[in-house]
Amino acid sequence: QLVESGGGSVQAGGSLRLSCAASGRLYSRVCKGWFRQAPGKEREGVAAIDGLGRTSYADSAKGRFTISKDNAKNTLYLQMNSLKPEDTGMYYCAAVAPRCEVGAPFDYRGQGTQVTVS
């Protein structure tokens with residue numbers, strides 16, 4: 001089970017940190033990531049992190065977003081800085097993918113948390 005939190009409304013240039021709490025003792029070892037979807041737009045991978053902590057980012061996220069994980073807490077994070085209106089959307093955390101890279105087809109996802117940038 002994946003449960004996101006931390007979304008909200010923020011002005012352009014602001015920051016948010018999303019969290020994703022997970023259950024499962026093998027969670028720390030699997031590929032995890034974040035993707036987002038805005039109304040009328042296709043789903044977009046944002047970032048991914050593998051069991052060794054190696055990360056990948058969408059071009060739109062590079063330099064502004066940071067994906068990280070706390071294995072002891074079974075929690076995934078997405079620190080988002082310098083937010084732009086085009087970052088608005090529903091953000092989902094996801095886990096387990098055949099290849100750990102941004103935009104990978106993950107097997108599991110959470111319910112999502114809304115991010116609105118104005």
# chains A, B, ... in the order shown; residues from 1 in each chain; ligands from 1

call {"tool": "select_by_dssp", "arguments": {"residues": "chain A", "states": "helix (DSSP H, G or I)", "output": "VMD selection string"}}
result
chain A and resid 27 to 29 71 to 73 85 to 87

call {"tool": "residues_around", "arguments": {"residues": "region 25-37 of chain A", "least_positions_apart": "3", "cutoff": "9 Å", "atoms": "only C-alpha atoms", "output": "PyMOL selection string"}}
result
chain A and resi 22+40-52+67+69-72+74-78+87-104+106+109+112

call {"tool": "residues_around", "arguments": {"residues": "Gln111 (chain A)", "least_positions_apart": "4", "cutoff": "8 Å", "atoms": "only C-alpha atoms", "output": "PyMOL selection string"}}
result
chain A and resi 2-4+92

call {"tool": "select_by_dssp", "arguments": {"residues": "chain A", "states": "strand (DSSP E)", "output": "compact mmCIF listing (two decimals) with N, CA and C atoms, in the first residue's frame"}}
result
# COMPACT_ATOMS: atom_id res chain seq x y z
N LEU A 2 0.52 2.20 -0.84
CA LEU A 2 1.27 3.45 -0.96
C LEU A 2 0.34 4.60 -0.63
N VAL A 3 0.75 5.49 0.26
CA VAL A 3 -0.10 6.60 0.67
C VAL A 3 0.69 7.89 0.58
N GLU A 4 0.25 8.76 -0.33
CA GLU A 4 0.92 10.05 -0.52
C GLU A 4 0.37 11.11 0.42
N SER A 5 1.22 12.09 0.69
CA SER A 5 0.80 13.27 1.44
C SER A 5 1.72 14.42 1.07
N GLY A 8 -0.64 20.38 -2.02
CA GLY A 8 -1.31 21.60 -1.60
C GLY A 8 -1.22 22.66 -2.66
N SER A 9 -1.59 23.86 -2.28
CA SER A 9 -1.55 25.01 -3.18
C SER A 9 -0.39 25.91 -2.79
N VAL A 10 0.34 26.35 -3.79
CA VAL A 10 1.52 27.19 -3.54
C VAL A 10 1.67 28.17 -4.69
N LEU A 16 7.31 22.51 -2.18
CA LEU A 16 6.51 21.51 -1.49
C LEU A 16 7.35 20.25 -1.35
N ARG A 17 7.08 19.49 -0.30
CA ARG A 17 7.71 18.18 -0.19
C ARG A 17 6.62 17.12 -0.09
N LEU A 18 6.60 16.24 -1.04
CA LEU A 18 5.65 15.14 -1.04
C LEU A 18 6.27 13.93 -0.33
N SER A 19 5.43 13.20 0.35
CA SER A 19 5.86 11.98 1.02
C SER A 19 4.99 10.82 0.56
N CYS A 20 5.56 9.64 0.60
CA CYS A 20 4.82 8.43 0.23
C CYS A 20 5.20 7.34 1.23
N ALA A 21 4.26 7.02 2.09
CA ALA A 21 4.48 5.98 3.08
C ALA A 21 4.06 4.63 2.50
N ALA A 22 4.90 3.64 2.70
CA ALA A 22 4.65 2.33 2.10
C ALA A 22 4.67 1.23 3.15
N LYS A 32 11.30 2.77 -7.15
CA LYS A 32 10.20 3.62 -6.75
C LYS A 32 10.25 4.91 -7.55
N GLY A 33 9.12 5.56 -7.67
CA GLY A 33 9.13 6.79 -8.44
C GLY A 33 7.90 7.65 -8.22
N TRP A 34 7.92 8.77 -8.88
CA TRP A 34 6.78 9.69 -8.87
C TRP A 34 6.39 9.99 -10.31
N PHE A 35 5.10 10.08 -10.53
CA PHE A 35 4.61 10.58 -11.80
C PHE A 35 3.45 11.53 -11.52
N ARG A 36 3.08 12.29 -12.51
CA ARG A 36 2.01 13.26 -12.33
C ARG A 36 1.10 13.26 -13.53
N GLN A 37 -0.09 13.75 -13.32
CA GLN A 37 -1.05 13.87 -14.40
C GLN A 37 -1.90 15.10 -14.20
N GLU A 44 2.90 11.82 -16.87
CA GLU A 44 4.31 12.17 -17.07
C GLU A 44 5.14 11.68 -15.90
N GLY A 45 6.15 10.89 -16.19
CA GLY A 45 7.08 10.48 -15.15
C GLY A 45 7.88 11.68 -14.68
N VAL A 46 8.11 11.76 -13.38
CA VAL A 46 8.83 12.89 -12.81
C VAL A 46 10.21 12.47 -12.34
N ALA A 47 10.29 11.41 -11.56
CA ALA A 47 11.57 10.97 -11.01
C ALA A 47 11.47 9.51 -10.60
N ALA A 48 12.63 8.87 -10.50
CA ALA A 48 12.68 7.48 -10.06
C ALA A 48 13.95 7.26 -9.26
N ILE A 49 13.89 6.26 -8.37
CA ILE A 49 15.06 5.93 -7.54
C ILE A 49 15.08 4.42 -7.35
N THR A 55 19.26 7.73 -9.05
CA THR A 55 18.07 8.50 -9.42
C THR A 55 18.06 8.87 -10.89
N SER A 56 16.86 9.13 -11.38
CA SER A 56 16.69 9.67 -12.72
C SER A 56 15.53 10.65 -12.68
N TYR A 57 15.58 11.65 -13.55
CA TYR A 57 14.59 12.72 -13.54
C TYR A 57 14.13 13.05 -14.95
N PHE A 65 13.64 19.41 -8.68
CA PHE A 65 13.06 18.36 -7.86
C PHE A 65 14.14 17.40 -7.40
N THR A 66 13.94 16.84 -6.20
CA THR A 66 14.86 15.84 -5.68
C THR A 66 14.06 14.67 -5.11
N ILE A 67 14.33 13.49 -5.61
CA ILE A 67 13.70 12.29 -5.07
C ILE A 67 14.65 11.66 -4.07
N SER A 68 14.10 11.18 -2.97
CA SER A 68 14.92 10.55 -1.95
C SER A 68 14.07 9.53 -1.20
N LYS A 69 14.74 8.73 -0.39
CA LYS A 69 14.00 7.71 0.36
C LYS A 69 14.62 7.52 1.72
N ASP A 70 13.80 7.12 2.64
CA ASP A 70 14.26 6.77 3.98
C ASP A 70 13.86 5.31 4.20
N THR A 75 9.66 5.22 3.50
CA THR A 75 9.03 6.43 2.96
C THR A 75 9.84 6.98 1.80
N LEU A 76 9.12 7.39 0.80
CA LEU A 76 9.69 8.03 -0.39
C LEU A 76 9.33 9.50 -0.36
N TYR A 77 10.22 10.35 -0.83
CA TYR A 77 9.99 11.79 -0.83
C TYR A 77 10.22 12.38 -2.22
N LEU A 78 9.58 13.52 -2.43
CA LEU A 78 9.86 14.33 -3.60
C LEU A 78 9.89 15.78 -3.14
N GLN A 79 11.09 16.34 -3.08
CA GLN A 79 11.24 17.75 -2.75
C GLN A 79 11.13 18.55 -4.04
N MET A 80 10.19 19.47 -4.07
CA MET A 80 9.95 20.26 -5.26
C MET A 80 10.19 21.73 -4.95
N GLY A 89 -0.84 19.43 -10.96
CA GLY A 89 -1.37 18.13 -11.34
C GLY A 89 -1.51 17.24 -10.13
N MET A 90 -2.01 16.04 -10.39
CA MET A 90 -2.09 15.02 -9.35
C MET A 90 -0.78 14.25 -9.38
N TYR A 91 -0.15 14.14 -8.23
CA TYR A 91 1.13 13.45 -8.13
C TYR A 91 0.93 12.09 -7.46
N TYR A 92 1.50 11.09 -8.07
CA TYR A 92 1.36 9.72 -7.58
C TYR A 92 2.74 9.14 -7.29
N CYS A 93 2.84 8.41 -6.19
CA CYS A 93 4.05 7.62 -6.01
C CYS A 93 3.76 6.22 -6.53
N ALA A 94 4.81 5.55 -6.91
CA ALA A 94 4.66 4.25 -7.54
C ALA A 94 5.85 3.36 -7.17
N ALA A 95 5.65 2.08 -7.33
CA ALA A 95 6.71 1.14 -6.97
C ALA A 95 6.70 -0.08 -7.87
N TYR A 108 2.59 -0.73 -9.05
CA TYR A 108 1.75 -0.25 -7.96
C TYR A 108 1.81 1.26 -7.88
N ARG A 109 0.73 1.85 -7.47
CA ARG A 109 0.70 3.29 -7.29
C ARG A 109 -0.24 3.64 -6.15
N THR A 113 -1.80 12.82 -4.68
CA THR A 113 -1.96 14.04 -3.89
C THR A 113 -1.89 15.22 -4.86
N GLN A 114 -2.79 16.17 -4.68
CA GLN A 114 -2.93 17.27 -5.63
C GLN A 114 -1.92 18.37 -5.33
N VAL A 115 -1.27 18.83 -6.38
CA VAL A 115 -0.37 19.97 -6.30
C VAL A 115 -0.90 21.05 -7.24
N THR A 116 -1.11 22.24 -6.70
CA THR A 116 -1.60 23.36 -7.50
C THR A 116 -0.65 24.53 -7.33
N VAL A 117 -0.13 25.01 -8.44
CA VAL A 117 0.81 26.14 -8.44
C VAL A 117 0.17 27.28 -9.21

call {"tool": "atom_distance", "arguments": {"atom1": "CA of Lys73 (chain A)", "atom2": "CA of Pro105 (chain A)"}}
result
24.5 Å

call {"tool": "decode", "arguments": {"residues": "chain A", "atoms": "C-alpha atoms", "output": "short mmCIF file (atom, residue, chain, number, x, y, z; two decimals), in the first residue's frame"}}
result
data_model
loop_
_atom_site.label_atom_id
_atom_site.label_comp_id
_atom_site.auth_asym_id
_atom_site.auth_seq_id
_atom_site.Cartn_x
_atom_site.Cartn_y
_atom_site.Cartn_z
CA GLN A 1 0.00 0.00 0.00
CA LEU A 2 1.27 3.45 -0.96
CA VAL A 3 -0.10 6.60 0.67
CA GLU A 4 0.92 10.05 -0.52
CA SER A 5 0.80 13.27 1.44
CA GLY A 6 2.18 16.78 1.28
CA GLY A 7 0.35 18.20 -1.68
CA GLY A 8 -1.31 21.60 -1.60
CA SER A 9 -1.55 25.01 -3.18
CA VAL A 10 1.52 27.19 -3.54
CA GLN A 11 2.55 30.26 -5.46
CA ALA A 12 4.97 30.05 -8.32
CA GLY A 13 8.52 29.90 -7.02
CA GLY A 14 7.48 28.11 -3.86
CA SER A 15 8.30 24.65 -2.58
CA LEU A 16 6.51 21.51 -1.49
CA ARG A 17 7.71 18.18 -0.19
CA LEU A 18 5.65 15.14 -1.04
CA SER A 19 5.86 11.98 1.02
CA CYS A 20 4.82 8.43 0.23
CA ALA A 21 4.48 5.98 3.08
CA ALA A 22 4.65 2.33 2.10
CA SER A 23 4.02 -1.02 3.66
CA GLY A 24 6.04 -4.10 2.86
CA ARG A 25 9.40 -5.26 4.11
CA LEU A 26 10.94 -5.39 0.62
CA TYR A 27 9.97 -1.82 -0.27
CA SER A 28 13.47 -0.47 0.29
CA ARG A 29 14.86 -2.75 -2.41
CA VAL A 30 12.51 -2.01 -5.26
CA CYS A 31 12.40 0.72 -7.83
CA LYS A 32 10.20 3.62 -6.75
CA GLY A 33 9.13 6.79 -8.44
CA TRP A 34 6.78 9.69 -8.87
CA PHE A 35 4.61 10.58 -11.80
CA ARG A 36 2.01 13.26 -12.33
CA GLN A 37 -1.05 13.87 -14.40
CA ALA A 38 -2.78 17.12 -15.19
CA PRO A 39 -6.33 17.35 -16.57
CA GLY A 40 -6.33 16.78 -20.29
CA LYS A 41 -2.67 15.80 -20.37
CA GLU A 42 -0.86 12.51 -20.55
CA ARG A 43 0.73 10.97 -17.52
CA GLU A 44 4.31 12.17 -17.07
CA GLY A 45 7.08 10.48 -15.15
CA VAL A 46 8.83 12.89 -12.81
CA ALA A 47 11.57 10.97 -11.01
CA ALA A 48 12.68 7.48 -10.06
CA ILE A 49 15.06 5.93 -7.54
CA ASP A 50 16.33 2.38 -7.37
CA GLY A 51 17.25 0.19 -4.42
CA LEU A 52 20.80 1.55 -4.40
CA GLY A 53 19.66 5.14 -4.41
CA ARG A 54 20.44 5.90 -8.04
CA THR A 55 18.07 8.50 -9.42
CA SER A 56 16.69 9.67 -12.72
CA TYR A 57 14.59 12.72 -13.54
CA ALA A 58 12.43 14.08 -16.28
CA ASP A 59 13.99 17.06 -18.03
CA SER A 60 11.23 19.24 -16.58
CA ALA A 61 12.25 18.23 -13.05
CA LYS A 62 16.03 18.37 -13.28
CA GLY A 63 17.58 21.00 -11.05
CA ARG A 64 14.31 21.68 -9.23
CA PHE A 65 13.06 18.36 -7.86
CA THR A 66 14.86 15.84 -5.68
CA ILE A 67 13.70 12.29 -5.07
CA SER A 68 14.92 10.55 -1.95
CA LYS A 69 14.00 7.71 0.36
CA ASP A 70 14.26 6.77 3.98
CA ASN A 71 14.53 3.01 4.15
CA ALA A 72 14.08 2.91 7.92
CA LYS A 73 10.74 4.69 7.58
CA ASN A 74 9.70 2.98 4.35
CA THR A 75 9.03 6.43 2.96
CA LEU A 76 9.69 8.03 -0.39
CA TYR A 77 9.99 11.79 -0.83
CA LEU A 78 9.86 14.33 -3.60
CA GLN A 79 11.24 17.75 -2.75
CA MET A 80 9.95 20.26 -5.26
CA ASN A 81 11.49 23.72 -5.45
CA SER A 82 10.99 26.66 -7.80
CA LEU A 83 7.53 25.40 -8.64
CA LYS A 84 5.85 26.59 -11.81
CA PRO A 85 2.18 26.67 -12.83
CA GLU A 86 2.91 23.88 -15.32
CA ASP A 87 3.82 21.63 -12.38
CA THR A 88 0.16 21.58 -11.38
CA GLY A 89 -1.37 18.13 -11.34
CA MET A 90 -2.09 15.02 -9.35
CA TYR A 91 1.13 13.45 -8.13
CA TYR A 92 1.36 9.72 -7.58
CA CYS A 93 4.05 7.62 -6.01
CA ALA A 94 4.66 4.25 -7.54
CA ALA A 95 6.71 1.14 -6.97
CA VAL A 96 8.10 -1.89 -8.77
CA ALA A 97 9.15 -1.56 -12.37
CA PRO A 98 11.11 -3.83 -14.72
CA ARG A 99 13.60 -1.08 -15.45
CA CYS A 100 14.18 1.64 -12.92
CA GLU A 101 13.96 4.85 -14.88
CA VAL A 102 11.72 7.87 -14.96
CA GLY A 103 8.49 7.11 -16.75
CA ALA A 104 8.77 3.37 -16.17
CA PRO A 105 5.55 1.32 -16.10
CA PHE A 106 5.21 0.76 -12.36
CA ASP A 107 3.12 -2.08 -11.01
CA TYR A 108 1.75 -0.25 -7.96
CA ARG A 109 0.70 3.29 -7.29
CA GLY A 110 -0.94 5.36 -4.58
CA GLN A 111 -4.14 7.38 -4.69
CA GLY A 112 -2.35 10.62 -5.46
CA THR A 113 -1.96 14.04 -3.89
CA GLN A 114 -2.93 17.27 -5.63
CA VAL A 115 -0.37 19.97 -6.30
CA THR A 116 -1.60 23.36 -7.50
CA VAL A 117 0.81 26.14 -8.44
CA SER A 118 -0.59 29.58 -9.23
#
